Amino acid sequence: MHADTPYEITPTTRYDDPYYRPTAVRQPVDVPPGVDWVTLPNGVRTLAYTHPAPTPSAPAAASQPIPAWAKTTALLAPTVGGGIAAAGLGLSYAAPGLIAMSHALWSAAALVVAAVIAVPVLLRTARRAASGTGQGHGGAATQITQNITATGLFGRANGTINHR
């Protein structure tokens with residue numbers, strides 16, 4: 001008997017199983033594969049999953065060095081990605097200027113087309129006014145005709161020019 005307890009404590013019997021059942025009768029237990037009886041460090045026996053002993057396997061293949069192309073690709077990938085990101089950032093800052101330049105280029109193209117059409121018209125009008133053959137001046141325009149003939153594929157060409 002202990003000094004601080006008024007009654008006596010009797011320990012129960014364990015019967016080598018994890019449960020305290022002094023009146024239980026031991027029954028055979030079917031355990032699945034991978035489960036076995038184990039003894040814990042405190043002396044209690046219990047069912048537990050067990051790992052099978054490692055079977056000796058074939059020796060691992062010797063590791064091969066990483067190919068040079070893989071190293072180069074791995075080193076270049078972040079660089080290319082960073083370059084693309086920098087280009088995108090630069091384009092976002094340059095967008096207003098690029099839009100203004102495209103408008104200026106379209107205006108220049110329109111000016112060139114207008115010049116190609118307008119310059120010959122102005123020259124023709126100026127020539128007619130200088131020669132006096134335009135409408136309302138009563139003069140007849142000079143006609144120039146050409147007659148050119150050639151015989152054979154590589155024959156010499158002969159021609160006449162008539163002013164009327």
# chains A, B, ... in the order shown; residues from 1 in each chain; ligands from 1

$ residues_around --residues "Val38 (chain A)" --least-positions-apart "2" --cutoff "12 Å" --atoms "only C-alpha atoms" --output "ChimeraX atom specification"
/A:16-18,34-36,40-51

$ write_last_selection --atoms "all heavy atoms" --output "short mmCIF file (atom, residue, chain, number, x, y, z; two decimals), in the first residue's frame"
data_model
loop_
_atom_site.label_atom_id
_atom_site.label_comp_id
_atom_site.auth_asym_id
_atom_site.auth_seq_id
_atom_site.Cartn_x
_atom_site.Cartn_y
_atom_site.Cartn_z
N ASP A 16 0.41 -10.83 -22.70
CA ASP A 16 1.19 -10.56 -23.92
C ASP A 16 0.38 -9.97 -25.07
O ASP A 16 0.67 -10.20 -26.24
CB ASP A 16 1.89 -11.83 -24.42
CG ASP A 16 3.03 -12.19 -23.50
OD1 ASP A 16 3.54 -11.29 -22.85
OD2 ASP A 16 3.40 -13.36 -23.47
N ASP A 17 -0.69 -9.29 -24.77
CA ASP A 17 -1.38 -8.58 -25.85
C ASP A 17 -1.51 -7.12 -25.46
O ASP A 17 -1.34 -6.76 -24.30
CB ASP A 17 -2.73 -9.23 -26.18
CG ASP A 17 -3.74 -9.16 -25.06
OD1 ASP A 17 -3.60 -8.29 -24.17
OD2 ASP A 17 -4.67 -9.95 -25.07
N PRO A 18 -1.80 -6.26 -26.44
CA PRO A 18 -1.80 -4.82 -26.15
C PRO A 18 -2.97 -4.37 -25.30
O PRO A 18 -2.99 -3.24 -24.84
CB PRO A 18 -1.86 -4.18 -27.54
CG PRO A 18 -2.46 -5.20 -28.41
CD PRO A 18 -2.04 -6.53 -27.85
N GLY A 34 1.94 -8.08 -44.59
CA GLY A 34 2.50 -6.78 -44.27
C GLY A 34 2.18 -6.33 -42.86
O GLY A 34 2.62 -5.28 -42.41
N VAL A 35 1.39 -7.12 -42.09
CA VAL A 35 1.06 -6.80 -40.70
C VAL A 35 1.64 -7.91 -39.83
O VAL A 35 1.51 -9.09 -40.15
CB VAL A 35 -0.47 -6.68 -40.51
CG1 VAL A 35 -0.81 -6.45 -39.05
CG2 VAL A 35 -1.03 -5.59 -41.37
N ASP A 36 2.26 -7.53 -38.73
CA ASP A 36 2.88 -8.54 -37.86
C ASP A 36 2.85 -8.04 -36.42
O ASP A 36 2.61 -6.86 -36.16
CB ASP A 36 4.33 -8.77 -38.31
CG ASP A 36 4.85 -10.10 -37.82
OD1 ASP A 36 4.07 -10.88 -37.23
OD2 ASP A 36 6.06 -10.36 -38.04
N LEU A 40 6.85 -3.03 -28.71
CA LEU A 40 7.23 -1.63 -28.61
C LEU A 40 8.31 -1.47 -27.54
O LEU A 40 8.53 -2.37 -26.73
CB LEU A 40 6.00 -0.78 -28.26
CG LEU A 40 4.86 -0.83 -29.30
CD1 LEU A 40 3.67 -0.02 -28.80
CD2 LEU A 40 5.35 -0.32 -30.63
N PRO A 41 8.99 -0.33 -27.51
CA PRO A 41 10.06 -0.14 -26.51
C PRO A 41 9.59 -0.25 -25.07
O PRO A 41 10.36 -0.62 -24.19
CB PRO A 41 10.57 1.27 -26.81
CG PRO A 41 10.22 1.53 -28.23
CD PRO A 41 8.97 0.76 -28.49
N ASN A 42 8.32 0.03 -24.80
CA ASN A 42 7.84 -0.07 -23.41
C ASN A 42 7.39 -1.49 -23.07
O ASN A 42 6.84 -1.72 -22.01
CB ASN A 42 6.73 0.94 -23.14
CG ASN A 42 5.50 0.70 -24.01
OD1 ASN A 42 5.47 -0.22 -24.82
ND2 ASN A 42 4.50 1.55 -23.82
N GLY A 43 7.58 -2.46 -23.96
CA GLY A 43 7.27 -3.85 -23.69
C GLY A 43 5.90 -4.29 -24.15
O GLY A 43 5.54 -5.45 -24.02
N VAL A 44 5.08 -3.41 -24.71
CA VAL A 44 3.74 -3.76 -25.17
C VAL A 44 3.85 -4.40 -26.54
O VAL A 44 4.55 -3.90 -27.42
CB VAL A 44 2.85 -2.50 -25.23
CG1 VAL A 44 1.50 -2.82 -25.81
CG2 VAL A 44 2.72 -1.88 -23.86
N ARG A 45 3.13 -5.51 -26.73
CA ARG A 45 3.10 -6.16 -28.04
C ARG A 45 1.83 -5.72 -28.76
O ARG A 45 0.75 -5.71 -28.17
CB ARG A 45 3.10 -7.68 -27.90
CG ARG A 45 4.44 -8.17 -27.41
CD ARG A 45 4.63 -9.64 -27.59
NE ARG A 45 4.58 -9.95 -29.02
CZ ARG A 45 4.23 -11.11 -29.51
NH1 ARG A 45 3.88 -12.09 -28.72
NH2 ARG A 45 4.21 -11.33 -30.81
N THR A 46 1.97 -5.37 -30.05
CA THR A 46 0.83 -4.88 -30.82
C THR A 46 0.99 -5.27 -32.27
O THR A 46 2.09 -5.62 -32.72
CB THR A 46 0.70 -3.35 -30.70
OG1 THR A 46 -0.48 -2.94 -31.39
CG2 THR A 46 1.89 -2.64 -31.29
N LEU A 47 -0.11 -5.21 -33.00
CA LEU A 47 -0.06 -5.43 -34.44
C LEU A 47 0.36 -4.13 -35.11
O LEU A 47 -0.09 -3.05 -34.74
CB LEU A 47 -1.44 -5.85 -34.98
CG LEU A 47 -1.88 -7.26 -34.64
CD1 LEU A 47 -3.32 -7.48 -35.08
CD2 LEU A 47 -0.98 -8.27 -35.30
N ALA A 48 1.22 -4.27 -36.11
CA ALA A 48 1.68 -3.08 -36.80
C ALA A 48 2.05 -3.44 -38.23
O ALA A 48 2.34 -4.59 -38.54
CB ALA A 48 2.88 -2.47 -36.08
N TYR A 49 2.00 -2.44 -39.08
CA TYR A 49 2.46 -2.64 -40.45
C TYR A 49 3.97 -2.75 -40.43
O TYR A 49 4.67 -1.96 -39.80
CB TYR A 49 2.05 -1.47 -41.35
CG TYR A 49 0.57 -1.42 -41.64
CD1 TYR A 49 -0.25 -0.52 -41.00
CD2 TYR A 49 0.01 -2.30 -42.55
CE1 TYR A 49 -1.60 -0.48 -41.25
CE2 TYR A 49 -1.34 -2.28 -42.82
CZ TYR A 49 -2.14 -1.37 -42.17
OH TYR A 49 -3.47 -1.33 -42.43
N THR A 50 4.48 -3.73 -41.13
CA THR A 50 5.93 -3.91 -41.20
C THR A 50 6.36 -3.79 -42.65
O THR A 50 5.61 -4.13 -43.57
CB THR A 50 6.33 -5.30 -40.67
OG1 THR A 50 5.65 -6.29 -41.43
CG2 THR A 50 6.00 -5.43 -39.20
N HIS A 51 7.55 -3.30 -42.82
CA HIS A 51 8.11 -3.17 -44.16
C HIS A 51 8.91 -4.42 -44.44
O HIS A 51 9.71 -4.86 -43.61
CB HIS A 51 9.01 -1.93 -44.25
CG HIS A 51 8.26 -0.66 -44.01
ND1 HIS A 51 7.37 -0.15 -44.90
CD2 HIS A 51 8.26 0.19 -42.95
CE1 HIS A 51 6.86 0.96 -44.43
NE2 HIS A 51 7.38 1.20 -43.23
#

$ atom_distance --atom1 "CA of Val112 (chain A)" --atom2 "CA of Arg127 (chain A)"
22.6 Å

$ select_by_dssp --residues "region 59-149 of chain A" --states "strand (DSSP E)" --output "number ranges by chain"
A: 144-149

$ write_last_selection --atoms "N, CA and C atoms" --output "JSON list (two decimals), in the first residue's frame"
[["chain", "number", "residue", "atom", "x", "y", "z"],
["A", 144, "ILE", "N", 1.62, 63.38, -133.84],
["A", 144, "ILE", "CA", 2.83, 62.71, -134.29],
["A", 144, "ILE", "C", 2.50, 61.23, -134.40],
["A", 145, "THR", "N", 2.76, 60.65, -135.58],
["A", 145, "THR", "CA", 2.53, 59.22, -135.77],
["A", 145, "THR", "C", 3.84, 58.55, -136.13],
["A", 146, "GLN", "N", 3.99, 57.32, -135.76],
["A", 146, "GLN", "CA", 5.17, 56.54, -136.05],
["A", 146, "GLN", "C", 4.74, 55.26, -136.72],
["A", 147, "ASN", "N", 5.45, 54.88, -137.78],
["A", 147, "ASN", "CA", 5.25, 53.60, -138.44],
["A", 147, "ASN", "C", 6.58, 52.86, -138.39],
["A", 148, "ILE", "N", 6.63, 51.75, -137.68],
["A", 148, "ILE", "CA", 7.86, 50.98, -137.53],
["A", 148, "ILE", "C", 7.60, 49.57, -138.01],
["A", 149, "THR", "N", 8.50, 49.05, -138.84],
["A", 149, "THR", "CA", 8.38, 47.69, -139.34],
["A", 149, "THR", "C", 9.70, 46.96, -139.14]]

$ atom_distance --atom1 "CA of Ile161 (chain A)" --atom2 "CA of Gln143 (chain A)"
10.4 Å
